[in-house]
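Here is run.cif, consisting of mmCIF, C-alpha atoms:
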data_structure
#
loop_
_atom_site.label_atom_id
_atom_site.label_comp_id
_atom_site.auth_asym_id
_atom_site.auth_seq_id
_atom_site.Cartn_x
_atom_site.Cartn_y
_atom_site.Cartn_z
CA MET A 1 9.07 87.04 162.15
CA SER A 2 9.44 87.23 165.95
CA LEU A 3 12.35 89.26 167.17
CA PRO A 4 14.40 88.80 170.32
CA ASN A 5 13.18 90.51 173.45
CA PRO A 6 14.25 94.16 173.26
CA GLY A 7 15.26 93.90 176.91
CA CYS A 8 17.96 91.36 176.09
CA VAL A 9 20.97 93.63 176.03
CA GLY A 10 24.57 93.01 177.02
CA PRO A 11 25.78 89.50 177.96
CA GLN A 12 22.31 87.98 177.50
CA ALA A 13 21.88 89.37 173.95
CA PRO A 14 22.13 86.93 171.03
CA THR A 15 25.63 86.57 169.70
CA LEU A 16 24.82 85.85 166.08
CA PRO A 17 27.44 86.82 163.48
CA LEU A 18 26.83 90.24 161.95
CA GLU A 19 26.35 88.67 158.50
CA ILE A 20 23.39 86.64 159.78
CA VAL A 21 21.88 89.66 161.52
CA GLU A 22 22.18 91.66 158.31
CA GLU A 23 20.47 88.82 156.44
CA ILE A 24 17.63 88.89 158.99
CA ALA A 25 17.31 92.63 158.42
CA THR A 26 16.64 92.06 154.73
CA HIS A 27 13.57 89.93 155.48
CA VAL A 28 11.66 92.18 157.88
CA SER A 29 9.88 95.49 157.38
CA GLY A 30 8.18 98.23 159.34
CA LYS A 31 9.65 101.02 161.44
CA ASP A 32 8.35 99.57 164.68
CA THR A 33 10.21 96.35 163.88
CA PHE A 34 13.36 98.26 163.03
CA LYS A 35 13.16 100.23 166.28
CA ALA A 36 12.73 97.09 168.38
CA ALA A 37 15.53 95.25 166.60
CA SER A 38 17.90 98.19 167.04
CA THR A 39 17.70 97.83 170.83
CA VAL A 40 18.79 94.17 170.93
CA SER A 41 22.54 94.68 170.81
CA GLN A 42 25.23 96.76 169.16
CA ALA A 43 25.40 94.32 166.24
CA TRP A 44 21.66 94.49 165.70
CA LEU A 45 21.81 98.28 165.93
CA SER A 46 24.46 98.35 163.21
CA ALA A 47 22.32 96.14 160.97
CA PHE A 48 18.95 97.82 161.51
CA ARG A 49 19.81 101.50 161.94
CA PRO A 50 20.34 102.05 158.18
CA LYS A 51 16.84 100.67 157.58
CA LEU A 52 15.36 102.75 160.36
CA PHE A 53 16.55 106.01 158.81
CA ALA A 54 16.50 105.00 155.13
CA HIS A 55 13.19 106.75 154.40
CA ILE A 56 12.10 110.07 155.88
CA VAL A 57 9.10 112.33 155.26
CA LEU A 58 9.31 116.11 155.43
CA GLY A 59 6.05 118.00 155.84
CA LYS A 60 5.10 121.53 156.72
CA ARG A 61 7.24 121.31 159.86
CA PHE A 62 10.35 120.59 157.83
CA MET A 63 12.23 123.49 159.44
CA ALA A 64 12.28 121.53 162.68
CA ALA A 65 13.42 118.42 160.83
CA ILE A 66 16.26 120.28 159.18
CA ALA A 67 17.32 121.68 162.54
CA SER A 68 17.29 118.19 164.07
CA PRO A 69 20.42 116.05 164.55
CA ILE A 70 19.66 114.23 161.31
CA PHE A 71 20.67 117.29 159.32
CA ALA A 72 22.77 119.22 161.81
CA ASP A 73 24.75 117.90 164.78
CA ASP A 74 24.76 114.16 164.09
CA LYS A 75 26.15 113.71 160.59
CA ARG A 76 26.50 109.95 161.20
CA LEU A 77 22.88 109.39 160.21
CA LEU A 78 23.09 111.18 156.87
CA PRO A 79 24.57 108.21 154.92
CA PHE A 80 21.62 106.04 155.98
CA ILE A 81 18.99 108.23 154.29
CA THR A 82 18.25 106.91 150.79
CA SER A 83 14.65 108.07 150.25
CA VAL A 84 13.00 111.39 151.04
CA LYS A 85 9.37 112.39 150.55
CA VAL A 86 8.51 116.09 150.70
CA GLN A 87 4.80 116.84 150.92
CA GLY A 88 2.82 120.02 151.31
CA ILE A 89 5.81 122.38 151.08
CA LEU A 90 4.68 124.55 148.19
CA THR A 91 8.04 126.32 147.75
CA ALA A 92 10.19 123.21 148.26
CA LEU A 93 12.02 123.62 144.94
CA VAL A 94 13.18 127.13 145.84
CA ASN A 95 13.72 126.68 149.59
CA GLU A 96 17.40 127.18 150.33
CA LYS A 97 17.51 125.30 153.64
CA LEU A 98 15.70 122.29 152.20
CA LEU A 99 17.91 122.19 149.09
CA VAL A 100 21.06 122.42 151.22
CA ALA A 101 19.78 119.62 153.45
CA LEU A 102 18.98 117.33 150.51
CA ASN A 103 22.37 117.98 148.95
CA MET A 104 23.97 116.85 152.22
CA LEU A 105 22.64 113.31 151.77
CA PRO A 106 25.43 111.30 150.09
CA LYS A 107 23.28 108.23 149.31
CA LEU A 108 19.97 109.82 148.35
CA GLU A 109 18.44 107.52 145.71
CA SER A 110 14.77 108.51 145.63
CA LEU A 111 13.14 111.93 145.94
CA GLU A 112 9.37 112.38 145.91
CA LEU A 113 7.91 115.90 145.87
CA SER A 114 4.17 116.30 146.35
CA GLY A 115 2.20 119.53 146.17
CA VAL A 116 5.12 121.73 145.10
CA GLY A 117 5.68 124.33 142.40
CA LEU A 118 5.33 127.78 143.94
CA GLY A 119 7.92 130.52 144.36
CA TRP A 120 9.68 130.52 141.00
CA ASP A 121 9.67 134.31 140.98
CA GLN A 122 11.96 134.09 144.05
CA THR A 123 14.61 132.05 142.22
CA THR A 124 18.15 133.39 142.59
CA PRO A 125 21.38 132.20 140.95
CA GLN A 126 22.37 130.55 144.23
CA LEU A 127 19.05 128.70 144.53
CA THR A 128 19.25 127.60 140.91
CA GLU A 129 22.74 126.23 141.45
CA LEU A 130 21.59 124.30 144.53
CA LEU A 131 18.62 122.86 142.62
CA VAL A 132 20.74 121.78 139.64
CA GLN A 133 23.30 120.29 142.04
CA LEU A 134 20.50 118.20 143.55
CA LEU A 135 19.18 117.04 140.17
CA GLN A 136 22.68 116.07 139.06
CA LYS A 137 23.43 114.16 142.24
CA GLU A 138 25.23 110.94 141.30
CA SER A 139 23.25 108.80 143.74
CA LEU A 140 19.81 110.14 142.76
CA GLN A 141 18.06 107.49 140.64
CA ARG A 142 14.33 108.27 141.02
CA LEU A 143 12.54 111.61 140.92
CA SER A 144 8.78 112.05 141.29
CA VAL A 145 7.12 115.49 141.21
CA GLU A 146 3.40 116.11 141.66
CA PHE A 147 2.13 119.66 141.18
CA SER A 148 -0.86 121.72 140.10
CA ALA A 149 -0.04 124.03 137.21
CA ASP A 150 -2.21 127.07 137.77
CA ARG A 151 -1.11 130.58 136.93
CA TYR A 152 1.34 130.82 139.80
CA SER A 153 2.81 127.34 140.02
CA GLY A 154 4.13 124.44 137.99
CA PHE A 155 7.24 122.46 137.15
CA PRO A 156 9.59 123.92 134.51
CA LEU A 157 10.58 121.29 131.97
CA ALA A 158 13.78 123.24 131.38
CA LEU A 159 15.09 121.45 134.50
CA VAL A 160 14.65 117.96 133.04
CA PRO A 161 17.78 117.96 130.84
CA TYR A 162 19.86 118.54 133.97
CA CYS A 163 18.84 115.18 135.46
CA ARG A 164 22.18 113.48 134.83
CA GLN A 165 21.83 110.26 136.79
CA ILE A 166 18.05 109.94 137.18
CA ARG A 167 16.71 106.72 135.69
CA THR A 168 13.03 106.94 136.70
CA LEU A 169 11.27 110.26 136.15
CA SER A 170 7.61 110.71 137.04
CA LEU A 171 5.87 114.06 136.56
CA GLU A 172 2.20 114.57 137.39
CA ASP A 173 0.18 117.71 136.74
CA THR A 174 -3.06 117.43 138.72
CA THR A 175 -4.65 120.44 137.02
CA GLN A 176 -8.05 119.41 135.68
CA LEU A 177 -8.36 122.39 133.36
CA PHE A 178 -5.76 123.24 130.75
CA PRO A 179 -3.06 125.37 132.43
CA LEU A 180 -3.27 129.10 131.90
CA PHE A 181 0.44 129.67 131.38
CA ILE A 182 2.87 128.54 128.73
CA GLU A 183 6.43 127.31 129.19
CA ASN A 184 7.95 130.67 128.18
CA ASP A 185 5.76 132.63 130.54
CA GLU A 186 7.30 135.09 132.96
CA LEU A 187 6.67 132.51 135.68
CA PHE A 188 9.98 130.80 134.85
CA PHE A 189 11.88 133.80 133.53
CA ALA A 190 14.21 134.08 136.52
CA LEU A 191 14.99 130.36 136.50
CA THR A 192 15.66 130.30 132.74
CA ARG A 193 18.00 133.26 133.05
CA ASN A 194 19.88 131.62 135.93
CA LEU A 195 20.19 128.30 134.07
CA GLU A 196 21.75 130.08 131.10
CA SER A 197 24.38 131.62 133.36
CA LEU A 198 25.42 128.34 135.03
CA SER A 199 28.95 127.19 134.32
CA CYS A 200 28.00 123.48 134.32
CA SER A 201 27.21 122.01 130.96
CA GLN A 202 23.71 120.80 130.17
CA PRO A 203 23.68 117.03 129.54
CA SER A 204 22.20 115.86 126.30
CA PRO A 205 20.71 113.40 125.82
CA VAL A 206 19.26 112.32 129.16
CA ALA A 207 19.36 108.57 129.87
CA LEU A 208 16.14 107.34 131.50
CA GLN A 209 14.77 103.86 132.11
CA THR A 210 11.22 104.95 132.91
CA LEU A 211 9.45 108.15 131.88
CA LYS A 212 5.92 108.77 133.15
CA LEU A 213 3.91 111.89 132.35
CA SER A 214 0.45 112.42 133.80
CA GLY A 215 -1.87 115.27 132.95
CA THR A 216 -3.11 116.76 129.70
CA GLY A 217 -1.43 120.14 130.15
CA LEU A 218 1.90 118.55 131.08
CA ILE A 219 1.91 116.22 128.07
CA SER A 220 1.07 119.11 125.75
CA ARG A 221 3.86 121.24 127.21
CA PHE A 222 6.20 118.25 126.98
CA ALA A 223 5.42 118.00 123.25
CA ARG A 224 6.26 121.67 122.71
CA PHE A 225 9.39 121.25 124.83
CA HIS A 226 10.49 118.44 122.52
CA SER A 227 9.92 120.52 119.43
CA ARG A 228 12.39 123.11 120.74
CA ARG A 229 15.01 120.64 122.03
CA GLN A 230 15.16 117.81 119.54
CA GLY A 231 17.06 114.72 120.53
CA TRP A 232 17.61 115.31 124.26
CA LEU A 233 15.79 112.12 125.28
CA SER A 234 18.01 109.06 124.82
CA PRO A 235 16.68 105.51 124.36
CA ASN A 236 19.96 103.99 125.56
CA SER A 237 18.24 102.76 128.71
CA LEU A 238 14.58 103.73 128.30
CA GLU A 239 12.39 100.65 128.66
CA ARG A 240 9.10 102.09 129.85
CA LEU A 241 7.19 105.09 128.49
CA GLU A 242 3.87 105.93 130.12
CA LEU A 243 1.49 108.78 129.36
CA GLU A 244 -1.75 109.33 131.20
CA ALA A 245 -4.04 112.25 130.40
CA PHE A 246 -7.05 113.53 132.28
CA GLY A 247 -9.19 116.57 131.78
CA SER A 248 -9.31 117.80 128.18
CA SER A 249 -7.67 115.50 125.66
CA VAL A 250 -4.21 115.72 124.14
CA LYS A 251 -4.45 116.59 120.44
CA MET A 252 -0.82 116.29 119.35
CA LEU A 253 2.07 114.06 120.44
CA SER A 254 5.64 114.82 119.44
CA PHE A 255 8.72 112.75 120.30
CA SER A 256 12.29 113.45 119.35
CA VAL A 257 14.68 110.67 120.32
CA CYS A 258 18.39 110.21 119.63
CA GLY A 259 19.73 106.67 119.37
CA PRO A 260 23.02 105.47 120.87
CA ASP A 261 26.22 105.27 118.89
CA GLU A 262 27.81 102.08 117.57
CA THR A 263 29.60 101.36 120.86
CA GLN A 264 26.37 100.98 122.85
CA ASP A 265 23.79 98.23 122.99
CA ILE A 266 20.19 99.10 122.16
CA PRO A 267 17.68 97.63 124.60
CA PRO A 268 14.11 97.21 123.39
CA LEU A 269 11.42 99.62 124.46
CA ASN A 270 9.61 97.02 126.55
CA GLU A 271 6.59 98.92 127.80
CA VAL A 272 4.62 101.78 126.28
CA HIS A 273 1.40 102.90 127.94
CA PHE A 274 -0.74 105.78 126.66
CA ALA A 275 -3.66 105.54 129.04
CA ASN A 276 -6.65 107.71 128.11
CA ILE A 277 -4.83 109.31 125.17
CA THR A 278 -7.88 108.93 122.96
CA GLN A 279 -8.24 112.06 120.81
CA VAL A 280 -4.77 112.62 119.37
CA HIS A 281 -5.03 113.69 115.74
CA THR A 282 -1.34 114.44 114.99
CA LEU A 283 1.67 112.25 115.80
CA ARG A 284 5.24 113.37 115.07
CA LEU A 285 8.30 111.19 115.58
CA THR A 286 11.88 112.29 115.00
CA LEU A 287 14.31 109.38 115.41
CA THR A 288 18.05 109.92 115.05
CA ALA A 289 20.37 106.95 114.51
CA VAL A 290 24.16 107.36 114.65
CA PHE A 291 25.66 105.08 112.02
CA GLY A 292 28.91 103.20 112.41
CA GLU A 293 29.87 99.56 112.62
CA ALA A 294 26.44 98.52 113.86
CA GLY A 295 24.17 100.01 111.22
CA ARG A 296 21.68 97.16 111.33
CA ASP A 297 21.14 97.43 115.09
CA LEU A 298 20.68 101.18 114.84
CA LEU A 299 18.04 100.78 112.16
CA SER A 300 16.32 98.29 114.46
CA PHE A 301 16.18 101.11 117.02
CA VAL A 302 14.23 103.23 114.51
CA ARG A 303 11.89 100.36 113.67
CA THR A 304 11.31 99.37 117.29
CA TRP A 305 10.60 102.85 118.59
CA ALA A 306 8.31 103.88 115.75
CA CYS A 307 6.26 100.69 115.78
CA GLN A 308 6.03 100.52 119.58
CA ILE A 309 4.62 104.04 119.79
CA LEU A 310 2.22 103.44 116.89
CA ARG A 311 0.91 100.26 118.52
CA ALA A 312 0.58 101.91 121.94
CA LEU A 313 -1.96 104.51 120.83
CA SER A 314 -5.20 103.40 122.43
CA THR A 315 -7.50 104.98 119.83
CA LYS A 316 -5.98 104.98 116.35
CA ASP A 317 -9.05 106.08 114.39
CA SER A 318 -8.62 109.66 115.61
CA ILE A 319 -5.15 109.95 114.04
CA THR A 320 -5.37 112.03 110.85
CA GLN A 321 -1.73 113.07 110.42
CA ILE A 322 1.50 111.18 111.04
CA ALA A 323 5.01 112.49 110.35
CA ILE A 324 8.04 110.26 110.90
CA THR A 325 11.53 111.66 110.36
CA CYS A 326 14.46 109.25 110.53
CA GLN A 327 17.80 111.03 110.74
CA MET A 328 20.91 108.96 110.05
CA THR A 329 24.24 110.54 110.98
CA ASN A 330 27.85 109.51 110.45
CA CYS A 331 26.70 107.51 107.44
CA GLN A 332 29.97 106.93 105.57
CA TYR A 333 29.00 103.59 104.08
CA MET A 334 26.24 101.01 104.16
CA THR A 335 26.63 97.29 103.61
CA SER A 336 24.18 94.92 102.00
CA ASP A 337 22.98 93.89 105.45
CA ASP A 338 22.35 97.55 106.26
CA PHE A 339 20.21 97.92 103.13
CA THR A 340 18.25 94.82 104.12
CA SER A 341 17.70 96.31 107.58
CA LEU A 342 16.59 99.61 106.06
CA ASN A 343 14.03 97.77 103.95
CA LEU A 344 12.75 96.10 107.11
CA VAL A 345 12.13 99.59 108.48
CA TYR A 346 10.19 100.46 105.31
CA ARG A 347 8.13 97.29 105.54
CA ALA A 348 7.38 97.73 109.25
CA LEU A 349 6.22 101.33 108.84
CA ASP A 350 4.25 100.50 105.71
CA PHE A 351 2.52 97.60 107.46
CA ALA A 352 1.79 99.63 110.62
CA LEU A 353 0.38 102.63 108.74
CA GLY A 354 -1.00 101.13 105.56
CA LEU A 355 -3.61 98.76 106.92
CA HIS A 356 -6.97 100.49 106.84
CA ALA A 357 -8.29 98.70 109.91
CA VAL A 358 -5.50 100.05 112.10
CA PHE A 359 -5.46 103.77 111.24
CA GLY A 360 -8.85 104.22 109.67
CA GLY A 361 -8.84 108.02 109.87
CA LEU A 362 -5.34 108.63 108.53
CA LYS A 363 -5.41 111.35 105.87
CA LYS A 364 -1.83 112.53 105.63
CA CYS A 365 1.37 110.55 106.10
CA LYS A 366 4.91 111.91 105.76
CA ILE A 367 7.97 109.69 106.10
CA VAL A 368 11.39 111.24 105.59
CA PHE A 369 14.82 109.63 105.81
CA LYS A 370 17.23 112.47 106.46
CA LYS A 371 20.94 111.88 105.98
CA VAL A 372 23.39 113.96 108.01
CA GLY A 373 26.88 113.65 106.55
CA ARG A 374 28.80 114.03 103.33
CA VAL A 375 28.26 110.54 101.92
CA ALA A 376 24.93 109.92 100.24
CA ILE A 377 22.71 107.17 101.63
CA ARG A 378 21.95 104.51 99.07
CA THR A 379 18.69 102.61 99.16
CA ILE A 380 17.95 99.26 97.60
CA PRO A 381 14.63 97.61 96.83
CA THR A 382 14.20 94.16 98.29
CA GLY A 383 15.99 91.56 96.17
CA THR A 384 18.08 94.00 94.13
CA PRO A 385 21.72 92.88 93.71
CA ASP A 386 24.43 95.06 95.21
CA ASN A 387 25.66 96.15 91.79
CA GLN A 388 22.27 97.67 91.04
CA LEU A 389 22.04 99.95 94.06
CA ARG A 390 20.33 103.25 93.39
CA THR A 391 21.69 106.37 95.04
CA GLY A 392 20.79 109.96 95.70
CA GLU A 393 17.51 111.56 96.68
CA GLU A 394 15.09 109.27 94.88
CA SER A 395 11.52 108.78 95.99
CA LEU A 396 10.81 105.90 98.34
CA GLU A 397 7.20 105.47 97.26
CA ASP A 398 7.80 101.95 95.97
CA GLU A 399 8.81 100.89 99.46
CA PHE A 400 5.33 101.72 100.87
CA PRO A 401 2.76 99.85 98.74
CA PHE A 402 0.15 99.54 101.51
CA ILE A 403 0.10 103.28 102.16
CA GLN A 404 0.00 103.99 98.43
CA GLU A 405 -2.86 101.56 97.99
CA ARG A 406 -4.91 103.50 100.51
CA ARG A 407 -4.39 106.69 98.51
CA ILE A 408 -3.41 108.70 101.54
CA ASP A 409 -1.82 112.10 100.95
CA PHE A 410 1.57 110.49 101.26
CA TYR A 411 5.14 111.74 100.99
CA ALA A 412 8.22 109.54 101.41
CA ALA A 413 11.69 110.50 100.25
CA LEU A 414 15.35 110.77 101.08
CA VAL A 415 16.04 114.37 101.99
CA PRO A 416 19.14 115.91 100.33
CA GLU A 417 21.89 117.03 102.64
CA ASP A 418 21.24 120.70 101.94
CA LEU A 419 17.74 120.21 103.39
CA GLN A 420 18.84 118.29 106.46
CA ASN A 421 17.91 121.14 108.81
CA SER A 422 14.46 121.64 107.32
CA ASP A 423 11.35 120.76 109.27
CA GLY A 424 10.48 117.09 108.77
#

Do you think you could lay out the structure here as structure tokens?
Amino acid sequence: MSLPNPGCVGPQAPTLPLEIVEEIATHVSGKDTFKAASTVSQAWLSAFRPKLFAHIVLGKRFMAAIASPIFADDKRLLPFITSVKVQGILTALVNEKLLVALNMLPKLESLELSGVGLGWDQTTPQLTELLVQLLQKESLQRLSVEFSADRYSGFPLALVPYCRQIRTLSLEDTTQLFPLFIENDELFFALTRNLESLSCSQPSPVALQTLKLSGTGLISRFARFHSRRQGWLSPNSLERLELEAFGSSVKMLSFSVCGPDETQDIPPLNEVHFANITQVHTLRLTLTAVFGEAGRDLLSFVRTWACQILRALSTKDSITQIAITCQMTNCQYMTSDDFTSLNLVYRALDFALGLHAVFGGLKKCKIVFKKVGRVAIRTIPTGTPDNQLRTGEESLEDEFPFIQERRIDFYAALVPEDLQNSDG
């Protein structure tokens, strides 16, 4: 699109209504274009200046950028900044001036950090508070962090549950070899101690729309992180789950997901991508559904998540062990429709796991339905009248004929309430 001559200012400038100028601004791109358009007239400046300053990049000379009018004298530009990319600043996550500057941006929507992860031993309570304040920023929707997790750097997963408003989270560990440290290493000791002392409450679960994890070491640490913090990842909004491993292969995947309550809609998990996850031998799923008026929909959450993840595994022959734990809370009663829905869960899991051609190497399968509450869950075989419902902790083996036919080392049962905290 050709723009008016930048020299046309004052009486000779176009006198288009501001609404039309703003519409023009939505159809052009490029900083050079934005700069030229901003010089046309005051109206064009008002329409194009937000675009001109919407995205900024901070590199190794970020101290000069922070000292510039954008962050200091001229606060009028701060509301225009919606996207910030920080690259090459190794201590960005513990740099006080940078954290203060980012927290000053009232409309920051996207934050991309590249080549960061050093300096965690320098973390102070004040720096931790600034970092958590940034992660909990109401406007922040997208966070992307790329790091190399050697002995002295990395990204602590303990920060992830503090991402209150973030909807798209992308973490990439570029380490080719398996990282030398573990999550509880002294590397993050100061940060962990400071997080425990914060007065703000830790949100649980975290509502994401897209979760992307790249790197073998990161995915493995993520699995261990899940095992210690069951249920912090919410599927209320999650529509895309993407794992990409490089270097040595991931051997075990573990997901612990808590479903929404009866007042919330359950969107489908539309996209699951496990690129290059080819040598997983153990898969563990813990799915928690909160029962209420919408029992059938909540059971569909269990069925959808389990089957989506099972289908997404690129190489299924390497899977030798699968453990699926379905926790149902607030279960005061179940209707006939709920029993029908529960049987659909049985059928879906049995079909997904029982066919020899799909999981040819499966040796051990454990499926547990764990009730959390005082009222026993009643199960009903398909076609059984309501007056013949069976109750208690009976075996569910009849519900999984395909798995039984394969003679896998198989265990399926309702877990009594006094065992609800046992390892599923």

Atom CA of A:Ala149 sits from atom CA of A:Ala245 at a separation of 14.2 Å

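If you measure from each of A:Phe274, A:Tyr346, A:Phe301, A:Trp120 to A:Ser314 using only C-alpha atoms, the closest one turns out to be A:Phe274.
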
A:Ser254 surroundings by all atoms listed in the file, 9 Å radius, close-in-sequence under 2 positions cut, as a compact mmCIF listing (two decimals) with C-alpha atoms, keeping the file's coordinate frame:
# COMPACT_ATOMS: atom_id res chain seq x y z
CA SER A 220 1.07 119.11 125.75
CA PHE A 222 6.20 118.25 126.98
CA ALA A 223 5.42 118.00 123.25
CA ARG A 224 6.26 121.67 122.71
CA HIS A 226 10.49 118.44 122.52
CA SER A 227 9.92 120.52 119.43
CA MET A 252 -0.82 116.29 119.35
CA SER A 256 12.29 113.45 119.35
CA THR A 282 -1.34 114.44 114.99
CA LEU A 283 1.67 112.25 115.80
CA ARG A 284 5.24 113.37 115.07
CA LEU A 285 8.30 111.19 115.58
CA THR A 286 11.88 112.29 115.00

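The shell of residues at most 7 Å from stretch 361-367 of chain A, with all atoms listed in the file counted and near chain neighbours (fewer than 6 positions) removed, consists of Asp317, Ser318, Ile319, Thr320, Gln321, Ile322, Ala323, Ile324, Thr325, Ile408, Asp409, Phe410, Tyr411, Ala412 and Ala413 of chain A.
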
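This file, queried with the PyMOL selection byres ((chain A and resi 116) around 10), gives the residues Val86, Gln87, Gly88, Ile89, Leu90, Thr91, Ala92, Leu93, Val94, Leu113, Ser114, Gly115, Gly117, Leu118, Gly119, Val145, Glu146, Phe147, Ser148, Ala149, Ser153, Gly154 and Phe155 of chain A.
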
Which residues are close to A:Leu127, i.e. within 12 Å by only C-alpha atoms, leaving aside same-chain residues fewer than 5 positions away? Reply as an MDAnalysis selection string. chainID A and resid 91:100 119:122 132:134 190:191 194:195 198
